[in-house]
$ cat coords-v2.csv   # CSV, C-alpha atoms and all ligand atoms
chain,number,residue,atom,x,y,z
A,1,MET,CA,155.1,96.2,162.7
A,2,PRO,CA,154.4,99.2,165.0
A,3,ASP,CA,153.4,102.4,163.3
A,4,LYS,CA,156.1,104.9,162.6
A,5,LEU,CA,156.1,107.8,165.0
A,6,THR,CA,157.4,111.3,164.7
A,7,ILE,CA,158.1,114.0,167.3
A,8,GLY,CA,156.7,117.5,166.8
A,9,LEU,CA,158.0,120.4,168.8
A,10,ASP,CA,156.6,124.0,168.8
A,11,ILE,CA,159.0,126.5,170.4
A,12,GLY,CA,157.0,129.5,171.5
A,13,GLY,CA,158.0,132.6,173.4
A,14,THR,CA,156.4,131.3,176.7
A,15,LYS,CA,156.1,127.5,176.3
A,16,MET,CA,157.5,124.6,174.3
A,17,ALA,CA,155.0,122.0,173.3
A,18,PHE,CA,156.2,118.4,172.4
A,19,ALA,CA,154.0,115.7,170.9
A,20,VAL,CA,154.7,112.1,169.7
A,21,VAL,CA,152.5,111.6,166.8
A,22,ASP,CA,151.5,108.5,164.7
A,23,SER,CA,151.1,108.5,160.9
A,24,SER,CA,147.3,109.3,161.2
A,25,GLY,CA,148.0,112.4,163.2
A,26,ASN,CA,147.0,110.9,166.5
A,27,ILE,CA,149.0,112.2,169.5
A,28,CYS,CA,150.4,109.3,171.5
A,29,ASP,CA,152.3,111.3,174.1
A,30,GLU,CA,152.7,115.0,174.8
A,31,THR,CA,154.1,117.5,177.2
A,32,VAL,CA,154.5,121.2,177.6
A,33,ILE,CA,157.4,122.9,179.4
A,34,PRO,CA,158.0,126.6,180.0
A,35,THR,CA,160.4,128.2,177.5
A,36,GLU,CA,162.2,130.3,180.1
A,37,HIS,CA,163.4,132.6,177.4
A,38,ASP,CA,165.8,134.4,179.7
A,39,ASN,CA,168.0,131.3,179.8
A,40,PRO,CA,171.2,131.2,177.8
A,41,TYR,CA,170.6,129.6,174.4
A,42,GLU,CA,172.8,126.6,175.4
A,43,VAL,CA,170.6,125.9,178.4
A,44,THR,CA,167.4,125.9,176.2
A,45,ILE,CA,169.0,123.6,173.7
A,46,SER,CA,170.0,121.1,176.5
A,47,ARG,CA,166.4,121.3,178.0
A,48,ILE,CA,164.9,120.5,174.6
A,49,ALA,CA,167.4,117.7,173.9
A,50,GLU,CA,166.6,116.2,177.3
A,51,GLN,CA,162.9,115.9,176.5
A,52,LEU,CA,163.6,114.7,172.9
A,53,ASN,CA,165.9,112.0,174.3
A,54,THR,CA,163.2,110.9,176.8
A,55,TYR,CA,160.9,110.2,173.8
A,56,LEU,CA,163.6,108.7,171.6
A,57,ASP,CA,164.5,106.2,174.3
A,58,GLN,CA,160.9,105.4,175.1
A,59,TYR,CA,159.7,105.0,171.5
A,60,PRO,CA,162.2,103.1,169.3
A,61,ASN,CA,159.9,103.5,166.3
A,62,ILE,CA,160.4,107.4,166.2
A,63,PHE,CA,162.0,108.1,162.8
A,64,GLY,CA,162.1,111.9,162.7
A,65,ILE,CA,161.7,115.2,164.5
A,66,GLY,CA,160.0,118.4,163.2
A,67,ILE,CA,160.5,121.7,165.0
A,68,GLY,CA,158.6,125.0,164.5
A,69,VAL,CA,160.4,128.2,165.5
A,70,PRO,CA,158.9,131.7,165.6
A,71,GLY,CA,160.6,134.0,163.0
A,72,PRO,CA,162.5,133.4,159.9
A,73,VAL,CA,164.4,130.1,159.5
A,74,ASP,CA,167.1,128.9,157.1
A,75,ASN,CA,165.5,125.5,156.8
A,76,GLU,CA,168.3,123.9,154.7
A,77,ARG,CA,171.0,124.7,157.2
A,78,GLY,CA,168.6,124.5,160.2
A,79,ILE,CA,169.3,128.0,161.5
A,80,ALA,CA,166.9,130.2,163.4
A,81,LEU,CA,167.8,133.6,161.8
A,82,ASN,CA,166.0,135.9,164.1
A,83,ALA,CA,163.6,134.5,166.7
A,84,VAL,CA,162.9,137.8,168.5
A,85,ASN,CA,160.9,136.4,171.3
A,86,LEU,CA,163.6,133.9,172.2
A,87,LEU,CA,166.5,136.4,171.6
A,88,TRP,CA,168.0,134.0,169.1
A,89,GLU,CA,169.9,135.4,166.2
A,90,ASN,CA,171.6,133.1,163.6
A,91,ARG,CA,171.4,130.1,166.0
A,92,PRO,CA,172.2,126.7,164.3
A,93,ILE,CA,169.6,124.8,166.3
A,94,LYS,CA,169.6,121.8,164.0
A,95,SER,CA,173.3,120.9,164.4
A,96,ASP,CA,173.3,121.9,168.1
A,97,LEU,CA,170.4,119.5,168.8
A,98,LEU,CA,171.7,116.7,166.7
A,99,GLU,CA,174.9,116.7,168.7
A,100,ASN,CA,172.9,116.2,171.9
A,101,LEU,CA,170.5,113.5,170.8
A,102,SER,CA,170.8,109.9,172.1
A,103,ARG,CA,170.4,108.5,168.7
A,104,SER,CA,170.6,109.8,165.2
A,105,VAL,CA,167.2,110.7,163.5
A,106,PRO,CA,166.4,113.3,160.8
A,107,LEU,CA,165.5,116.6,162.2
A,108,TYR,CA,163.6,119.4,160.3
A,109,ILE,CA,163.2,123.1,161.3
A,110,GLU,CA,160.7,125.5,159.9
A,111,ASN,CA,159.2,128.9,160.8
A,112,ASP,CA,155.9,128.5,162.6
A,113,VAL,CA,153.8,129.9,159.7
A,114,ASN,CA,155.2,127.2,157.3
A,115,VAL,CA,154.6,124.7,160.0
A,116,GLY,CA,151.0,125.8,160.2
A,117,ALA,CA,150.6,125.3,156.4
A,118,ILE,CA,152.3,121.9,156.3
A,119,GLY,CA,150.3,120.8,159.3
A,120,GLU,CA,147.0,121.7,157.7
A,121,HIS,CA,148.2,120.0,154.5
A,122,LEU,CA,148.8,116.7,156.2
A,123,PHE,CA,146.4,116.6,159.1
A,124,GLY,CA,144.0,119.5,158.8
A,125,ARG,CA,141.7,121.5,156.4
A,126,ALA,CA,144.0,121.3,153.3
A,127,LYS,CA,144.4,117.5,153.0
A,128,GLU,CA,144.6,116.5,149.4
A,129,THR,CA,144.6,120.2,148.4
A,130,PRO,CA,147.8,120.8,146.3
A,131,ASN,CA,147.2,124.5,145.8
A,132,PHE,CA,146.4,126.6,148.8
A,133,VAL,CA,147.4,129.7,150.8
A,134,TYR,CA,147.8,129.7,154.6
A,135,LEU,CA,147.5,133.0,156.4
A,136,SER,CA,148.5,133.2,160.1
A,137,ILE,CA,146.8,136.0,162.0
A,138,GLY,CA,147.8,136.7,165.5
A,139,THR,CA,150.1,139.4,166.9
A,140,GLY,CA,151.1,140.0,163.2
A,141,LEU,CA,150.1,138.6,159.9
A,142,GLY,CA,152.1,136.2,157.8
A,143,GLY,CA,151.5,133.6,155.2
A,144,ALA,CA,152.7,130.5,153.3
A,145,VAL,CA,151.8,129.2,149.8
A,146,MET,CA,151.6,125.6,148.8
A,147,LEU,CA,151.7,125.1,145.0
A,148,ASP,CA,151.4,121.6,143.5
A,149,GLY,CA,152.0,120.2,147.0
A,150,LYS,CA,155.2,122.1,147.5
A,151,LEU,CA,155.9,125.0,149.8
A,152,MET,CA,156.9,128.1,147.9
A,153,ARG,CA,160.4,129.3,148.9
A,154,GLY,CA,161.9,132.7,148.5
A,155,SER,CA,165.6,133.5,148.1
A,156,THR,CA,166.2,134.6,151.7
A,157,SER,CA,163.5,132.8,153.6
A,158,ALA,CA,161.4,136.0,153.6
A,159,GLU,CA,158.6,134.9,151.3
A,160,MET,CA,154.9,135.8,151.8
A,161,GLU,CA,155.5,138.8,154.1
A,162,ILE,CA,152.0,139.9,153.2
A,163,GLY,CA,151.5,141.6,156.5
A,164,HIS,CA,153.9,144.3,155.4
A,165,ILE,CA,152.3,145.2,152.1
A,166,SER,CA,151.1,148.7,152.5
A,167,LEU,CA,147.5,149.7,151.9
A,168,ASP,CA,148.2,153.4,152.6
A,169,PRO,CA,151.9,154.3,152.5
A,170,VAL,CA,151.2,158.1,153.1
A,171,ASN,CA,148.6,158.4,155.7
A,172,GLY,CA,148.5,154.9,157.2
A,173,LEU,CA,149.6,154.0,160.8
A,174,LEU,CA,153.3,153.6,161.4
A,175,CYS,CA,154.3,149.9,161.5
A,176,THR,CA,157.3,148.3,163.3
A,177,CYS,CA,158.9,147.7,159.9
A,178,GLY,CA,159.1,151.5,159.3
A,179,GLN,CA,156.4,151.7,156.6
A,180,ARG,CA,153.0,153.2,157.0
A,181,GLY,CA,149.7,151.5,156.4
A,182,CYS,CA,150.8,147.9,156.4
A,183,VAL,CA,148.1,145.2,156.3
A,184,GLU,CA,149.0,144.1,159.8
A,185,MET,CA,148.4,147.6,161.1
A,186,SER,CA,144.7,146.8,160.4
A,187,MET,CA,144.4,143.0,160.6
A,188,SER,CA,146.4,141.7,163.6
A,189,GLY,CA,146.3,141.9,167.3
A,190,LYS,CA,148.6,145.0,167.3
A,191,GLY,CA,146.7,146.4,164.4
A,192,LEU,CA,143.3,146.3,166.1
A,193,VAL,CA,144.7,148.1,169.1
A,194,ALA,CA,146.6,150.7,167.0
A,195,THR,CA,143.5,151.4,164.9
A,196,THR,CA,141.3,151.8,167.9
A,197,LYS,CA,143.7,154.3,169.5
A,198,ALA,CA,144.1,156.2,166.2
A,199,HIS,CA,140.3,156.8,165.7
A,200,TYR,CA,139.3,157.0,169.4
A,201,GLU,CA,138.6,160.8,169.4
A,202,ARG,CA,136.2,160.4,166.4
A,203,PHE,CA,133.8,158.1,168.3
A,204,ALA,CA,132.5,160.0,171.4
A,205,ASP,CA,130.0,157.3,172.2
A,206,THR,CA,132.4,154.4,172.4
A,207,GLN,CA,132.3,152.3,175.6
A,208,MET,CA,136.0,151.4,175.3
A,209,THR,CA,138.8,153.0,177.5
A,210,LEU,CA,142.3,153.3,176.2
A,211,ASP,CA,144.4,152.8,179.3
A,212,THR,CA,143.7,149.1,179.6
A,213,LEU,CA,142.7,148.4,176.0
A,214,SER,CA,143.3,144.8,174.8
A,215,THR,CA,142.4,142.9,171.7
A,216,TYR,CA,139.9,141.0,173.8
A,217,ASP,CA,138.1,144.2,174.7
A,218,ILE,CA,137.8,145.3,171.1
A,219,ILE,CA,136.3,141.9,170.1
A,220,HIS,CA,133.9,142.1,173.1
A,221,TYR,CA,132.7,145.6,172.2
A,222,ALA,CA,132.4,144.8,168.5
A,223,ASN,CA,130.0,142.0,169.5
A,224,HIS,CA,128.0,144.6,171.6
A,225,GLN,CA,127.5,147.1,168.8
A,226,ASP,CA,130.1,149.6,169.9
A,227,THR,CA,130.5,151.9,166.9
A,228,LEU,CA,134.3,152.3,167.2
A,229,ALA,CA,134.9,148.6,167.7
A,230,GLN,CA,132.8,147.9,164.7
A,231,PHE,CA,134.6,150.4,162.6
A,232,VAL,CA,137.9,148.8,163.7
A,233,MET,CA,136.6,145.4,162.7
A,234,ASN,CA,135.5,146.6,159.4
A,235,GLU,CA,138.9,148.1,158.6
A,236,ALA,CA,140.4,144.7,159.6
A,237,ALA,CA,137.9,142.8,157.4
A,238,VAL,CA,138.8,144.9,154.4
A,239,ALA,CA,142.5,144.4,155.0
A,240,LEU,CA,142.0,140.7,155.3
A,241,GLY,CA,139.8,140.7,152.2
A,242,LEU,CA,142.4,142.5,150.2
A,243,SER,CA,145.1,140.1,151.4
A,244,CYS,CA,142.9,137.2,150.2
A,245,VAL,CA,142.3,139.0,146.9
A,246,TRP,CA,146.1,139.3,146.2
A,247,CYS,CA,146.7,135.7,147.2
A,248,THR,CA,143.8,134.6,144.9
A,249,MET,CA,144.9,136.6,142.0
A,250,LEU,CA,148.6,135.7,142.3
A,251,PHE,CA,148.4,132.0,143.1
A,252,ASN,CA,144.9,130.9,142.0
A,253,PRO,CA,144.5,128.6,145.0
A,254,SER,CA,141.4,126.4,145.6
A,255,LEU,CA,141.6,127.1,149.4
A,256,ILE,CA,142.7,129.9,151.7
A,257,VAL,CA,143.2,128.6,155.3
A,258,LEU,CA,143.1,131.2,158.0
A,259,GLY,CA,145.0,130.2,161.1
A,260,GLY,CA,146.1,131.8,164.4
A,261,GLY,CA,144.2,132.6,167.6
A,262,LEU,CA,143.0,136.0,166.6
A,263,ILE,CA,141.2,134.9,163.4
A,264,HIS,CA,139.3,132.1,165.3
A,265,ALA,CA,138.1,134.8,167.7
A,266,THR,CA,137.0,137.3,165.1
A,267,TYR,CA,136.1,135.5,161.9
A,268,ASP,CA,132.3,135.7,162.6
A,269,LEU,CA,132.7,139.4,162.9
A,270,LEU,CA,134.8,139.7,159.7
A,271,LYS,CA,133.7,137.2,157.2
A,272,THR,CA,130.8,139.1,155.5
A,273,GLN,CA,133.0,142.1,154.7
A,274,THR,CA,136.1,140.0,153.9
A,275,LEU,CA,134.2,137.8,151.4
A,276,ALA,CA,132.4,140.9,149.9
A,277,THR,CA,135.8,142.5,149.4
A,278,MET,CA,137.1,139.4,147.6
A,279,GLU,CA,134.0,139.0,145.4
A,280,ALA,CA,134.3,142.7,144.4
A,281,ARG,CA,138.0,142.7,143.6
A,282,CYS,CA,138.8,139.2,142.3
A,283,LEU,CA,138.4,138.1,138.7
A,284,PRO,CA,135.3,135.8,138.6
A,285,GLN,CA,137.2,132.6,137.5
A,286,SER,CA,139.6,133.0,140.4
A,287,TYR,CA,137.0,133.9,143.0
A,288,ASP,CA,134.7,131.1,142.0
A,289,ALA,CA,137.6,128.6,142.4
A,290,VAL,CA,138.5,129.5,146.0
A,291,THR,CA,137.1,128.7,149.4
A,292,VAL,CA,138.0,130.5,152.6
A,293,THR,CA,138.1,128.4,155.8
A,294,LEU,CA,139.4,128.5,159.3
A,295,SER,CA,142.3,126.2,160.2
A,296,GLN,CA,141.6,122.9,162.0
A,297,LEU,CA,144.8,122.1,163.9
A,298,THR,CA,144.8,123.5,167.5
A,299,ASN,CA,148.0,121.9,168.5
A,300,ALA,CA,151.1,123.5,167.0
A,301,ALA,CA,153.3,120.5,168.0
A,302,LEU,CA,151.1,118.3,165.8
A,303,GLY,CA,151.7,120.6,162.9
A,304,ALA,CA,155.5,120.4,163.6
A,305,SER,CA,155.4,116.6,163.5
A,306,ALA,CA,154.0,116.9,160.0
A,307,LEU,CA,157.3,118.3,158.8
A,308,VAL,CA,158.8,114.9,159.0
A,309,TRP,CA,156.3,113.4,156.6
A,310,TYR,CA,156.4,116.4,154.3
A,311,PHE,CA,160.2,116.4,154.0
A,312,GLN,CA,160.5,112.6,153.7
A,313,LYS,CA,157.8,112.2,151.1
A,314,ASP,CA,160.4,111.5,148.5
A,315,THR,CA,162.0,108.8,150.6
A,316,PHE,CA,158.9,107.2,152.0
A,317,GLY,CA,156.4,108.2,149.4
A,318,VAL,CA,153.7,110.1,151.2
A,319,SER,CA,151.0,109.4,148.6
A,320,SER,CA,151.5,105.6,148.8
A,321,HIS,CA,151.8,105.9,152.6
A,322,LEU,CA,148.6,107.9,152.8
A,323,THR,CA,146.7,105.6,150.5
A,324,GLN,CA,147.8,102.5,152.5
A,325,ASP,CA,146.7,104.0,155.8
A,326,ASN,CA,143.7,105.7,154.3
A,327,THR,CA,143.9,108.1,157.2
A,328,LEU,CA,145.7,111.2,156.1
A,329,LYS,CA,143.1,111.9,153.4
A,401,ZN,ZN,155.0,146.8,158.2
$ encode --input "coords-v2.csv" --output "structure tokens" --more "lines below"
Ligand SMILES: [Zn+2]
Amino acid sequence: MPDKLTIGLDIGGTKMAFAVVDSSGNICDETVIPTEHDNPYEVTISRIAEQLNTYLDQYPNIFGIGIGVPGPVDNERGIALNAVNLLWENRPIKSDLLENLSRSVPLYIENDVNVGAIGEHLFGRAKETPNFVYLSIGTGLGGAVMLDGKLMRGSTSAEMEIGHISLDPVNGLLCTCGQRGCVEMSMSGKGLVATTKAHYERFADTQMTLDTLSTYDIIHYANHQDTLAQFVMNEAAVALGLSCVWCTMLFNPSLIVLGGGLIHATYDLLKTQTLATMEARCLPQSYDAVTVTLSQLTNAALGASALVWYFQKDTFGVSSHLTQDNTLK
């Protein structure tokens, strides 16, 4: 019998990545199309459905679709609550897509951070790890928690907004959420740039210039001993370390997986200070139990495909499935 296949779709602000994935996490087929986020919502839904139908017709053994969306999602009702980059507010993408599919298959929607966590759990660094925290570090900083193999859910799909916990509510930099001193004003793409600008005058010897300042520049200069860039990286490392301290003390995970483009580009610069902050601030029994690692999955569509296995584990029995295949371990 041919292997069961799933489709994963990552909807981003600029591109939509599709992948047909087998039960071992191998990509059998994939394509990327531009998001064209200026299109009306209905046009985007019909473009997505067209590509999904191409795969559903081509691969009869596809049994589910997983979709990652930026921003908060009501996963039970399949609604994108506020995908700012796509200009989607309260859009029922699950029902709208199901109406347009050529055959009926289960479809699951999650926000992209939860997708990252579930993807790492099934196909990446957190395999066979029931208790772990996933932190996604890019333009902002968000997180997800898996306890006993189950994603932690809040009451309004707004759990783990760790990026908006304030480190300095009085004197910290103003965040887009309205507070001052949020974690992501130090440890995120926008935070690195904002911190550099805020402290620029204090570092007369810096090589950086503000008019064209990018995250890439800050990383580059930090690697070349620029004192301001190194100061900014140290602030980021402490903020990340404190985030990891809170996660460790609250959830007692065995693993913290750090995902997102920015952390892969900066972790070598950050890790000594981040781990020192954790060691100094965690209780020893919690600190000794936890390992910090970078994420493994580079393809967000692969992570999205893992939603199908995750949500159907009660139906199909993920543990027995995994043991039989001996591949998802
Ligand atoms: Zn904030």
$ closest_residue --input "coords-v2.csv" --among "A:Asn223, A:Gln312, A:Thr6, A:Thr195" --to "A:Asp268" --atoms "only C-alpha atoms"
A:Asn223
$ residues_near_ligand --input "coords-v2.csv" --ligand "ligand ZN 401 (chain A)" --cutoff "8 Å" --atoms "all atoms listed in the file" --output "NGL selection string"
:A and (163-166 or 174-185)
$ write_last_selection --input "coords-v2.csv" --atoms "C-alpha atoms" --output "short mmCIF file (atom, residue, chain, number, x, y, z; two decimals), keeping the file's coordinate frame"
data_model
loop_
_atom_site.label_atom_id
_atom_site.label_comp_id
_atom_site.auth_asym_id
_atom_site.auth_seq_id
_atom_site.Cartn_x
_atom_site.Cartn_y
_atom_site.Cartn_z
CA GLY A 163 151.50 141.60 156.50
CA HIS A 164 153.90 144.30 155.40
CA ILE A 165 152.30 145.20 152.10
CA SER A 166 151.10 148.70 152.50
CA LEU A 174 153.30 153.60 161.40
CA CYS A 175 154.30 149.90 161.50
CA THR A 176 157.30 148.30 163.30
CA CYS A 177 158.90 147.70 159.90
CA GLY A 178 159.10 151.50 159.30
CA GLN A 179 156.40 151.70 156.60
CA ARG A 180 153.00 153.20 157.00
CA GLY A 181 149.70 151.50 156.40
CA CYS A 182 150.80 147.90 156.40
CA VAL A 183 148.10 145.20 156.30
CA GLU A 184 149.00 144.10 159.80
CA MET A 185 148.40 147.60 161.10
#
$ residues_around --input "coords-v2.csv" --residues "A:Val73" --least-positions-apart "4" --cutoff "8 Å" --atoms "all atoms listed in the file" --output "VMD selection string"
chain A and resid 69 78 to 82 109 to 111 157
$ residues_around --input "coords-v2.csv" --residues "A:Gly241" --least-positions-apart "2" --cutoff "10 Å" --atoms "all atoms listed in the file" --output "NGL selection string"
:A and (187 or 235-239 or 243-247 or 270-281)
$ residues_around --input "coords-v2.csv" --residues "stretch 249-265 of chain A" --least-positions-apart "5" --cutoff "7 Å" --atoms "all atoms listed in the file" --output "ChimeraX atom specification"
/A:131-138,189,282,286,289-295
$ atom_distance --input "coords-v2.csv" --atom1 "atom CA of A:Tyr221" --atom2 "atom CA of A:Leu141"
22.4 Å
$ closest_residue --input "coords-v2.csv" --among "A:Ile45, A:Ala300, A:Ala204, A:Val115" --to "A:Val32" --atoms "only C-alpha atoms"
A:Ala300
$ residues_around --input "coords-v2.csv" --residues "A:Arg202" --least-positions-apart "4" --cutoff "10 Å" --atoms "all atoms listed in the file" --output "list in words"
Ala198, Thr206 and Leu228 of chain A
$ write_last_selection --input "coords-v2.csv" --atoms "C-alpha atoms" --output "PDB file, in the coordinates of the input"
ATOM      1  CA  ALA A 198     144.100 156.200 166.200  1.00  0.00           C
ATOM      2  CA  THR A 206     132.400 154.400 172.400  1.00  0.00           C
ATOM      3  CA  LEU A 228     134.300 152.300 167.200  1.00  0.00           C
TER       4      LEU A 228
END
$ closest_residue --input "coords-v2.csv" --among "A:Gly71, A:Gly124, A:Pro40, A:Gly64" --to "A:Tyr108" --atoms "only C-alpha atoms"
A:Gly64
$ atom_distance --input "coords-v2.csv" --atom1 "atom CA of A:Ala83" --atom2 "atom CA of A:Thr35"
12.9 Å
$ residues_around --input "coords-v2.csv" --residues "A:Gly8" --least-positions-apart "6" --cutoff "6 Å" --atoms "all atoms listed in the file" --output "PyMOL selection string"
chain A and resi 18-19+65-67+301-302+304-305
$ residues_near_point --input "coords-v2.csv" --point "(153.0, 112.2, 166.1)" --cutoff "6 Å" --atoms "all atoms listed in the file" --output "JSON, numbers by chain"
{"A": [5, 6, 7, 20, 21, 22, 25, 27, 305]}
$ closest_residue --input "coords-v2.csv" --among "A:Asn85, A:Asn39, A:Asn61, A:Ser23" --to "A:Ile11" --atoms "all atoms listed in the file"
A:Asn85
$ closest_residue --input "coords-v2.csv" --among "A:Leu192, A:Val232, A:Ile62, A:Leu56" --to "A:Gly140" --atoms "all atoms listed in the file"
A:Leu192
$ atom_distance --input "coords-v2.csv" --atom1 "atom CA of A:Glu161" --atom2 "atom CA of A:Ala222"
27.9 Å
$ residues_near_point --input "coords-v2.csv" --point "(159.2, 112.5, 176.8)" --cutoff "8 Å" --atoms "all atoms listed in the file" --output "list in words"
Phe18, Asp29, Glu30, Thr31, Gln51, Leu52, Asn53, Thr54, Tyr55, Leu56 and Gln58 of chain A
$ write_last_selection --input "coords-v2.csv" --atoms "C-alpha atoms" --output "PDB file, in the coordinates of the input"
ATOM      1  CA  PHE A  18     156.200 118.400 172.400  1.00  0.00           C
ATOM      2  CA  ASP A  29     152.300 111.300 174.100  1.00  0.00           C
ATOM      3  CA  GLU A  30     152.700 115.000 174.800  1.00  0.00           C
ATOM      4  CA  THR A  31     154.100 117.500 177.200  1.00  0.00           C
ATOM      5  CA  GLN A  51     162.900 115.900 176.500  1.00  0.00           C
ATOM      6  CA  LEU A  52     163.600 114.700 172.900  1.00  0.00           C
ATOM      7  CA  ASN A  53     165.900 112.000 174.300  1.00  0.00           C
ATOM      8  CA  THR A  54     163.200 110.900 176.800  1.00  0.00           C
ATOM      9  CA  TYR A  55     160.900 110.200 173.800  1.00  0.00           C
ATOM     10  CA  LEU A  56     163.600 108.700 171.600  1.00  0.00           C
ATOM     11  CA  GLN A  58     160.900 105.400 175.100  1.00  0.00           C
TER      12      GLN A  58
END
$ decode --input "coords-v2.csv" --residues "stretch 6-47 of chain A" --atoms "C-alpha atoms" --output "compact mmCIF listing (two decimals), in the first residue's frame"
# COMPACT_ATOMS: atom_id res chain seq x y z
CA THR A 6 -0.09 15.02 3.60
CA ILE A 7 0.05 18.52 2.16
CA GLY A 8 1.71 21.30 4.13
CA LEU A 9 1.16 24.94 3.23
CA ASP A 10 2.93 27.90 4.78
CA ILE A 11 1.21 31.18 3.98
CA GLY A 12 3.70 34.01 4.33
CA GLY A 13 3.46 37.72 3.61
CA THR A 14 5.43 37.40 0.36
CA LYS A 15 5.24 33.73 -0.65
CA MET A 16 3.15 30.63 -0.14
CA ALA A 17 5.08 27.36 0.11
CA PHE A 18 3.35 24.04 -0.59
CA ALA A 19 4.83 20.59 0.05
CA VAL A 20 3.55 17.04 -0.34
CA VAL A 21 5.15 15.07 2.47
CA ASP A 22 5.30 11.38 3.35
CA SER A 23 5.07 9.92 6.84
CA SER A 24 8.84 10.06 7.31
CA GLY A 25 8.97 13.78 6.63
CA ASN A 26 10.35 13.40 3.10
CA ILE A 27 9.14 16.01 0.62
CA CYS A 28 7.73 14.29 -2.49
CA ASP A 29 6.64 17.42 -4.30
CA GLU A 30 6.80 21.14 -3.60
CA THR A 31 6.10 24.50 -5.10
CA VAL A 32 6.26 28.15 -4.08
CA ILE A 33 3.97 30.85 -5.44
CA PRO A 34 3.93 34.58 -4.64
CA THR A 35 1.32 35.58 -2.04
CA GLU A 36 0.30 38.75 -3.92
CA HIS A 37 -1.14 40.06 -0.67
CA ASP A 38 -2.81 43.00 -2.42
CA ASN A 39 -5.27 40.56 -4.00
CA PRO A 40 -8.76 40.36 -2.50
CA TYR A 41 -9.07 37.54 0.03
CA GLU A 42 -11.34 35.50 -2.26
CA VAL A 43 -8.72 35.54 -5.03
CA THR A 44 -6.03 34.28 -2.66
CA ILE A 45 -8.32 31.48 -1.43
CA SER A 46 -9.04 30.41 -4.98
CA ARG A 47 -5.32 30.45 -5.91
